[in-house]
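As provided, data-v2.txt (compact mmCIF, C-alpha atoms) reads as follows.
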```
# COMPACT_ATOMS: atom_id res chain seq x y z
CA GLY A 1 18.19 22.76 -17.92
CA HIS A 2 19.32 21.45 -14.55
CA VAL A 3 18.27 18.99 -11.84
CA PRO A 4 16.29 20.74 -9.06
CA ASP A 5 17.63 20.54 -5.52
CA THR A 6 14.43 18.82 -4.42
CA VAL A 7 15.15 15.92 -6.77
CA THR A 8 18.79 15.72 -5.67
CA TYR A 9 17.88 15.62 -1.98
CA ALA A 10 15.12 13.09 -2.69
CA PHE A 11 17.73 10.74 -4.15
CA TYR A 12 20.03 11.27 -1.17
CA PHE A 13 17.18 10.58 1.21
CA GLY A 14 16.09 7.49 -0.74
CA GLY A 15 19.67 6.17 -0.81
CA ALA A 16 20.00 6.63 2.94
CA VAL A 17 16.71 4.84 3.63
CA LEU A 18 17.70 1.95 1.35
CA LEU A 19 21.12 1.60 2.99
CA LEU A 20 19.63 1.66 6.50
CA ALA A 21 16.98 -0.90 5.55
CA VAL A 22 19.60 -3.29 4.13
CA LEU A 23 21.88 -2.84 7.15
CA TRP A 24 18.97 -3.45 9.54
CA THR A 25 18.13 -6.67 7.68
CA VAL A 26 21.75 -7.87 7.66
CA VAL A 27 22.21 -7.20 11.37
CA ARG A 28 18.83 -8.35 12.66
CA THR A 29 17.98 -11.36 10.45
CA ARG A 30 18.84 -14.81 11.74
CA GLU A 31 21.00 -16.90 9.40
CA TYR A 32 21.00 -20.69 9.72
CA PRO A 33 24.38 -22.46 9.88
CA PRO A 34 25.22 -24.73 6.90
CA GLU A 35 24.65 -27.99 8.81
CA GLN A 36 21.16 -26.86 9.83
CA LEU A 37 20.36 -25.77 6.28
CA ALA A 38 21.44 -29.19 5.03
CA SER A 39 18.97 -30.85 7.41
CA PHE A 40 16.12 -28.96 5.74
CA ASP A 41 16.49 -31.23 2.70
CA ASP A 42 14.80 -33.97 4.69
CA ALA A 43 11.74 -31.74 4.96
CA SER A 44 11.62 -30.75 1.28
CA PRO A 45 8.07 -30.98 -0.08
CA SER A 46 7.26 -33.78 -2.49
CA GLY A 47 7.00 -31.28 -5.35
CA ALA A 48 10.59 -30.07 -4.96
CA ALA A 49 12.80 -30.16 -8.02
CA ILE A 50 15.02 -33.13 -8.80
CA GLU A 51 18.43 -31.99 -9.96
CA THR A 52 19.73 -33.10 -13.36
CA GLU A 53 23.10 -32.82 -15.03
CA PHE A 54 24.06 -29.98 -17.35
CA ASP A 55 23.35 -30.95 -20.97
CA ARG A 56 26.40 -29.73 -22.86
CA ASP A 57 25.14 -30.72 -26.32
CA ARG A 58 21.84 -28.97 -25.79
CA SER A 59 23.63 -25.90 -24.46
CA ARG A 60 26.02 -25.81 -27.43
CA LYS A 61 23.17 -26.02 -29.95
CA ALA A 62 21.17 -23.33 -28.16
CA SER A 63 24.23 -21.06 -27.99
CA VAL A 64 24.55 -21.06 -31.78
CA GLY A 65 20.94 -19.93 -32.17
CA TRP A 66 21.28 -17.13 -29.61
CA LEU A 67 24.60 -15.96 -31.04
CA ILE A 68 23.33 -15.87 -34.63
CA THR A 69 20.14 -14.08 -33.59
CA GLY A 70 22.03 -11.53 -31.50
CA VAL A 71 24.66 -10.78 -34.15
CA ALA A 72 21.97 -10.56 -36.85
CA ALA A 73 19.98 -8.14 -34.70
CA ILE A 74 23.05 -5.96 -34.11
CA ALA A 75 23.68 -5.90 -37.87
CA ALA A 76 20.05 -5.00 -38.57
CA VAL A 77 20.07 -2.11 -36.09
CA THR A 78 23.28 -0.81 -37.66
CA TRP A 79 22.18 -1.29 -41.28
CA TRP A 80 18.75 0.31 -40.93
CA GLN A 81 19.89 2.85 -38.33
CA LEU A 82 17.20 1.81 -35.88
CA ASP A 83 16.83 3.04 -32.32
CA ARG A 84 20.21 2.61 -30.62
CA LEU A 85 18.61 1.21 -27.50
CA LEU A 86 17.88 -1.93 -29.53
CA TYR A 87 21.60 -2.66 -29.23
CA VAL A 88 20.92 -3.51 -25.59
CA LEU A 89 18.46 -6.26 -26.53
CA ALA A 90 20.57 -7.55 -29.42
CA GLY A 91 23.75 -7.50 -27.35
CA GLY A 92 21.98 -9.31 -24.53
CA MET A 93 20.96 -12.15 -26.83
CA ALA A 94 24.49 -12.47 -28.18
CA ALA A 95 25.94 -12.37 -24.66
CA TYR A 96 23.59 -15.12 -23.48
CA GLY A 97 24.61 -17.26 -26.47
CA LEU A 98 28.27 -16.73 -25.63
CA ALA A 99 27.63 -17.64 -21.99
CA LEU A 100 25.94 -20.89 -23.05
CA LEU A 101 28.83 -21.71 -25.36
CA LEU A 102 31.43 -21.09 -22.63
CA ALA A 103 29.45 -23.19 -20.14
CA SER A 104 29.28 -26.09 -22.59
CA MET A 105 33.07 -25.97 -23.14
CA TRP A 106 34.19 -25.31 -19.54
CA ARG A 107 34.77 -28.58 -17.73
CA ALA A 108 35.79 -27.11 -14.38
CA ARG A 109 33.11 -26.57 -11.74
CA ASN A 110 32.96 -22.93 -10.66
CA MET A 111 30.41 -20.24 -9.85
CA PHE A 112 29.75 -19.43 -13.52
CA THR A 113 29.17 -23.02 -14.62
CA SER A 114 27.07 -23.68 -11.50
CA ILE A 115 24.76 -20.75 -12.30
CA MET A 116 24.46 -21.80 -15.96
CA THR A 117 23.70 -25.37 -14.88
CA ASP A 118 21.02 -24.24 -12.44
CA LEU A 119 19.58 -21.93 -15.09
CA GLN A 120 19.32 -24.78 -17.60
CA THR A 121 17.96 -27.34 -15.14
CA MET A 122 15.52 -25.16 -13.17
CA PRO A 123 12.22 -26.90 -12.38
CA ASP A 124 9.21 -26.64 -14.68
CA THR A 125 7.22 -24.58 -12.17
CA MET A 126 10.01 -22.02 -12.10
CA ARG A 127 10.12 -21.87 -15.91
CA GLN A 128 6.38 -21.27 -16.05
CA LEU A 129 6.57 -18.58 -13.36
CA ALA A 130 9.53 -16.93 -15.10
CA VAL A 131 7.31 -16.17 -18.09
CA VAL A 132 4.62 -14.79 -15.77
CA GLN A 133 7.21 -12.60 -14.05
CA PHE A 134 8.61 -11.39 -17.36
CA PHE A 135 5.29 -9.98 -18.56
CA SER A 136 4.39 -8.66 -15.11
CA TRP A 137 7.62 -6.70 -14.69
CA PHE A 138 7.62 -5.59 -18.33
CA ALA A 139 4.28 -3.91 -17.60
CA LEU A 140 5.59 -2.31 -14.42
CA PHE A 141 8.65 -0.86 -16.16
CA ALA A 142 6.44 0.46 -18.96
CA MET A 143 4.37 2.21 -16.30
CA TRP A 144 7.35 3.63 -14.42
CA ILE A 145 9.04 4.92 -17.57
CA TYR A 146 6.08 6.38 -19.46
CA THR A 147 3.35 7.40 -16.98
CA THR A 148 4.60 10.96 -16.53
CA ALA A 149 4.80 11.60 -20.28
CA ALA A 150 1.44 9.88 -20.86
CA VAL A 151 -0.48 11.73 -18.15
CA THR A 152 0.99 15.15 -18.96
CA GLY A 153 0.33 14.63 -22.66
CA VAL A 154 -3.20 13.18 -22.49
CA HIS A 155 -4.64 14.55 -19.26
CA TYR A 156 -2.82 17.90 -19.05
CA GLY A 157 -2.47 18.52 -22.78
CA THR A 158 1.22 19.41 -22.92
CA THR A 159 4.61 17.96 -23.85
CA ASP A 160 6.52 21.09 -22.88
CA THR A 161 8.59 20.04 -19.88
CA SER A 162 9.15 23.65 -18.84
CA SER A 163 5.45 24.54 -18.72
CA ALA A 164 3.38 24.89 -15.55
CA ALA A 165 0.86 22.34 -16.85
CA TYR A 166 3.56 19.72 -17.40
CA ASN A 167 4.94 20.21 -13.89
CA GLU A 168 1.44 20.04 -12.43
CA GLY A 169 0.88 16.77 -14.29
CA ALA A 170 4.23 15.37 -13.20
CA ASN A 171 3.43 16.22 -9.58
CA TRP A 172 0.08 14.47 -9.91
CA VAL A 173 1.86 11.36 -11.22
CA GLY A 174 3.89 11.44 -8.00
CA VAL A 175 0.61 11.41 -6.07
CA LEU A 176 -0.70 8.53 -8.21
CA PHE A 177 2.42 6.47 -7.59
CA ALA A 178 2.15 7.12 -3.86
CA ALA A 179 -1.51 6.11 -4.06
CA TYR A 180 -0.89 2.75 -5.73
CA ASN A 181 1.67 1.90 -3.06
CA GLY A 182 -0.89 2.77 -0.43
CA PHE A 183 -3.50 0.59 -2.14
CA ALA A 184 -0.87 -2.17 -2.33
CA ALA A 185 -0.48 -2.04 1.45
CA LEU A 186 -4.23 -2.57 1.82
CA ALA A 187 -4.18 -5.31 -0.82
CA ALA A 188 -1.43 -7.12 1.09
CA ILE A 189 -3.85 -7.48 4.00
CA LEU A 190 -6.61 -8.89 1.77
CA ILE A 191 -4.50 -11.23 -0.39
CA PRO A 192 -4.07 -14.01 2.25
CA TRP A 193 -7.85 -14.20 2.62
CA MET A 194 -8.21 -14.27 -1.15
CA VAL A 195 -5.67 -17.11 -1.41
CA ARG A 196 -7.49 -19.18 1.19
CA ALA A 197 -10.72 -18.68 -0.76
CA VAL A 198 -9.63 -19.30 -4.37
CA GLY A 199 -5.98 -20.42 -4.25
CA LEU A 200 -2.67 -18.86 -5.27
CA ARG A 201 -3.09 -19.03 -9.04
CA MET A 202 -6.60 -17.58 -9.21
CA SER A 203 -5.68 -14.87 -6.72
CA HIS A 204 -2.71 -13.82 -8.85
CA LEU A 205 -4.84 -13.95 -12.00
CA ILE A 206 -7.42 -11.64 -10.40
CA ASN A 207 -4.86 -9.20 -9.04
CA VAL A 208 -2.71 -8.78 -12.14
CA SER A 209 -5.86 -8.53 -14.25
CA LEU A 210 -7.02 -5.66 -12.05
CA GLY A 211 -3.64 -4.05 -12.68
CA GLY A 212 -3.94 -4.58 -16.42
CA LEU A 213 -7.39 -3.01 -16.50
CA GLY A 214 -6.08 -0.15 -14.36
CA LEU A 215 -3.34 0.65 -16.88
CA LEU A 216 -5.70 0.31 -19.84
CA SER A 217 -8.19 2.66 -18.16
CA LEU A 218 -5.68 5.51 -18.40
CA MET A 219 -6.50 5.66 -22.11
CA LEU A 220 -10.21 6.14 -21.41
CA ILE A 221 -10.29 8.40 -18.34
CA ARG A 222 -9.89 12.10 -19.02
CA ASP A 223 -10.29 13.62 -15.57
CA PRO A 224 -6.90 13.19 -13.85
CA GLN A 225 -8.57 12.95 -10.43
CA TRP A 226 -10.27 9.73 -11.51
CA LEU A 227 -6.89 8.18 -12.28
CA LEU A 228 -6.79 7.34 -8.57
CA LEU A 229 -9.33 4.64 -9.39
CA SER A 230 -6.89 3.17 -11.94
CA MET A 231 -4.26 3.01 -9.24
CA VAL A 232 -6.43 0.72 -7.12
CA GLY A 233 -5.96 -2.03 -9.71
CA VAL A 234 -2.26 -1.26 -10.07
CA GLY A 235 -1.85 -1.48 -6.29
CA PHE A 236 -3.42 -4.94 -6.15
CA ALA A 237 -1.18 -6.11 -8.98
CA TRP A 238 1.91 -4.64 -7.32
CA ALA A 239 1.21 -6.36 -3.99
CA SER A 240 0.50 -9.66 -5.73
CA ILE A 241 3.61 -9.56 -7.97
CA LEU A 242 5.81 -9.06 -4.91
CA SER A 243 4.41 -12.08 -3.05
CA LEU A 244 2.35 -14.75 -4.82
CA PRO A 245 4.88 -15.87 -7.48
CA TYR A 246 7.38 -16.56 -4.67
CA ALA A 247 4.76 -18.51 -2.73
CA LEU A 248 4.04 -20.58 -5.85
CA LEU A 249 7.75 -21.12 -6.43
CA SER A 250 8.89 -22.07 -2.93
CA ASP A 251 7.44 -25.60 -2.89
CA SER A 252 9.12 -26.55 -6.17
CA LEU A 253 12.71 -25.93 -5.02
CA PRO A 254 15.12 -28.15 -3.05
CA ALA A 255 16.09 -26.54 0.25
CA HIS A 256 19.83 -26.44 -0.45
CA LYS A 257 19.20 -24.64 -3.77
CA MET A 258 16.61 -22.18 -2.46
CA GLY A 259 18.95 -19.17 -2.37
CA VAL A 260 20.46 -19.84 -5.78
CA TYR A 261 17.13 -20.36 -7.48
CA MET A 262 15.56 -17.33 -5.82
CA GLY A 263 18.49 -15.31 -7.17
CA ILE A 264 18.04 -16.75 -10.66
CA PHE A 265 14.31 -16.09 -10.41
CA ASN A 266 15.11 -12.40 -9.99
CA PHE A 267 16.79 -12.46 -13.42
CA PHE A 268 13.23 -12.22 -14.69
CA ILE A 269 12.88 -8.84 -13.04
CA VAL A 270 16.04 -7.48 -14.64
CA ILE A 271 15.52 -8.95 -18.13
CA PRO A 272 12.11 -7.31 -18.72
CA GLN A 273 13.59 -4.01 -17.55
CA LEU A 274 16.25 -4.25 -20.28
CA VAL A 275 13.66 -5.31 -22.85
CA ALA A 276 11.27 -2.49 -21.91
CA ALA A 277 14.03 0.11 -22.01
CA SER A 278 15.29 -1.06 -25.40
CA VAL A 279 12.08 -2.01 -27.22
CA LEU A 280 9.25 0.24 -26.02
CA GLY A 281 10.69 3.44 -27.48
CA PHE A 282 11.13 1.75 -30.86
CA LEU A 283 7.58 0.36 -30.80
CA LEU A 284 6.07 3.74 -29.93
CA LYS A 285 7.98 5.58 -32.66
CA THR A 286 7.25 2.93 -35.28
CA PHE A 287 3.63 2.00 -34.58
CA ALA A 288 2.10 4.59 -32.22
CA GLY A 289 3.32 7.96 -33.45
CA GLY A 290 5.54 8.31 -30.39
CA GLN A 291 2.57 8.69 -28.01
CA PRO A 292 3.53 7.43 -24.52
CA ILE A 293 -0.04 6.52 -23.58
CA TYR A 294 0.27 3.45 -25.81
CA ALA A 295 3.18 2.19 -23.70
CA LEU A 296 0.71 1.98 -20.81
CA ALA A 297 -1.73 0.14 -23.07
CA ILE A 298 1.03 -2.36 -23.91
CA GLY A 299 1.73 -2.66 -20.19
CA GLY A 300 -1.93 -3.32 -19.45
CA ALA A 301 -2.10 -6.02 -22.10
CA SER A 302 1.11 -7.52 -20.72
CA LEU A 303 -0.40 -7.79 -17.22
CA LEU A 304 -3.53 -9.47 -18.61
CA LEU A 305 -1.31 -11.95 -20.46
CA ALA A 306 0.65 -12.64 -17.25
CA GLY A 307 -2.65 -13.46 -15.54
CA VAL A 308 -3.59 -15.98 -18.22
CA LEU A 309 -0.13 -17.58 -18.14
CA VAL A 310 -0.24 -18.12 -14.38
CA LEU A 311 -2.98 -20.70 -14.98
CA ARG A 312 -0.29 -22.96 -16.51
CA VAL A 313 1.62 -23.05 -13.22
CA LYS A 314 1.26 -26.09 -11.01
CA GLU A 315 0.04 -25.27 -7.52
CA SER A 316 0.96 -27.48 -4.57
CA ARG A 317 -1.49 -28.34 -1.84
CA SER A 318 0.55 -26.35 0.67
CA GLY A 319 0.36 -23.22 -1.46
CA PRO A 320 -2.28 -21.20 0.45
CA GLU A 321 -0.46 -21.80 3.75
CA ALA A 322 2.73 -20.37 2.19
CA VAL A 323 1.30 -16.84 2.05
```
Let me see the structure of the file written as structure tokens.
Amino acid sequence: GHVPDTVTYAFYFGGAVLLLAVLWTVVRTREYPPEQLASFDDASPSGAAIETEFDRDRSRKASVGWLITGVAAIAAVTWWQLDRLLYVLAGGMAAYGLALLLASMWRARNMFTSIMTDLQTMPDTMRQLAVVQFFSWFALFAMWIYTTAAVTGVHYGTTDTSSAAYNEGANWVGVLFAAYNGFAALAAILIPWMVRAVGLRMSHLINVSLGGLGLLSLMLIRDPQWLLLSMVGVGFAWASILSLPYALLSDSLPAHKMGVYMGIFNFFIVIPQLVAASVLGFLLKTFAGGQPIYALAIGGASLLLAGVLVLRVKESRSGPEAV
């Protein structure tokens, strides 16, 4: 009925480490002056994006579709009294439609219209990678949200959060999560060799597929000790997701837009988090009897799909050297 002191202090400790890491980066990292950054444009790779103007008509038409879909979804959740978390997804669609509409009507150039313009005109490689990132991070959030409930329910046979078995299972999940981060550190050493051998796309396909199989294996393995083997695949996927998509993306962006587009690219980490938080609970209650293990199965399938979709991404000749 209350948060243990160990959890409270863990959050304090984590917050302090995060703050110190950010401060160290801010203080110690070299920042190029604007005139030097501008000179980098001369060295932009041939595959870098060519900027286009914001299409107001296209934006206005798209805004109507997003607004209607979002409002209809809100009405459906209200009418059928569906899971309230679905309001997050429905509201997000309506908000995006409204943002598109405002951008199409706003003639002045400002930060908002600049971001909406860059979002609409982002290069094809970035669009293709955004879909890959969406399914990759959707799987990760499914894992982070539901692994404790899945492992305690399937491998420790309890849903009683106050029982000794549940706490033993939850502690083991902590060990599993530590393990996949450890495996990711080892994978990070191997990935550059893998990229030089088979390229960026195939390396990412292999790694996220290992992660997908790792998540799916949690449905089949019954001995919790053997779940460490599942975490090997998850670790390879985790290391790959944090590196290879950015290596694939870097050669498709103009130098003076690198920071903006990298920021927009991170939208596709946040969006799947919102989708996972709002949709997964509804899917489990409606189609899986509320059993959390199926969220991990959905996550595994999502990682396998991300691996297939990365094959659509164009890879530049300088890709392997970017890792």
List as CSV every residue of stretch 240-297 of chain A that is in contact with stretch 183-201 of chain A, defined as an atom at most 9 Å from one of its atoms (using all atoms listed in the file), together with the nearest atom pair and the distance in Å rounded to one decimal, sorted by chain and then rising number.
```
residue,atom,partner,partner_atom,distance
A:Ser240,CA,A:Ile191,CA,7.5
A:Ser243,CA,A:Ala188,CA,8.7
A:Leu244,CA,A:Leu200,CA,6.5
A:Pro245,CA,A:Leu200,CA,8.4
A:Ala247,CA,A:Leu200,CA,7.9
A:Leu248,CA,A:Leu200,CA,7.0
```
For each of A:Leu311, A:Ile269, A:Leu205, A:Ala288, take the minimum atom-to-atom distance to A:Phe138, counting only C-alpha atoms, then give the residue where this is smallest.
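Of A:Leu311, A:Ile269, A:Leu205, A:Ala288, the one nearest A:Phe138 is A:Ile269, counting only C-alpha atoms.
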Would you list the contacts of stretch 258-262 of chain A as JSON, numbers by chain, taking every protein, DNA or RNA residue within 12 Å and counting all atoms listed in the file, but skipping same-chain residues closer than 2 positions in sequence?
{"A": [37, 38, 40, 41, 44, 48, 49, 51, 111, 114, 115, 116, 117, 118, 119, 120, 121, 122, 123, 125, 126, 127, 129, 130, 245, 246, 247, 248, 249, 250, 251, 252, 253, 254, 255, 256, 264, 265, 266, 267, 268, 269]}
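Distances from A:Ala73, A:Ile293, A:Ile68, A:Val132 to A:Thr148 were compared using all atoms listed in the file, and the smallest one belongs to A:Ile293.
We find atom CA of A:Gln133 and atom CA of A:Gly70 to be spaced 22.9 Å apart.
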What does the distance from atom CA of A:Val154 to atom CA of A:Val234 come to in Å, to one decimal?
19.1 Å
Distance of atom CA of A:Gly281 from atom CA of A:Thr6, expressed in Å to one decimal place
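Atom CA of A:Gly281 lies at a distance of 28.0 Å from atom CA of A:Thr6.
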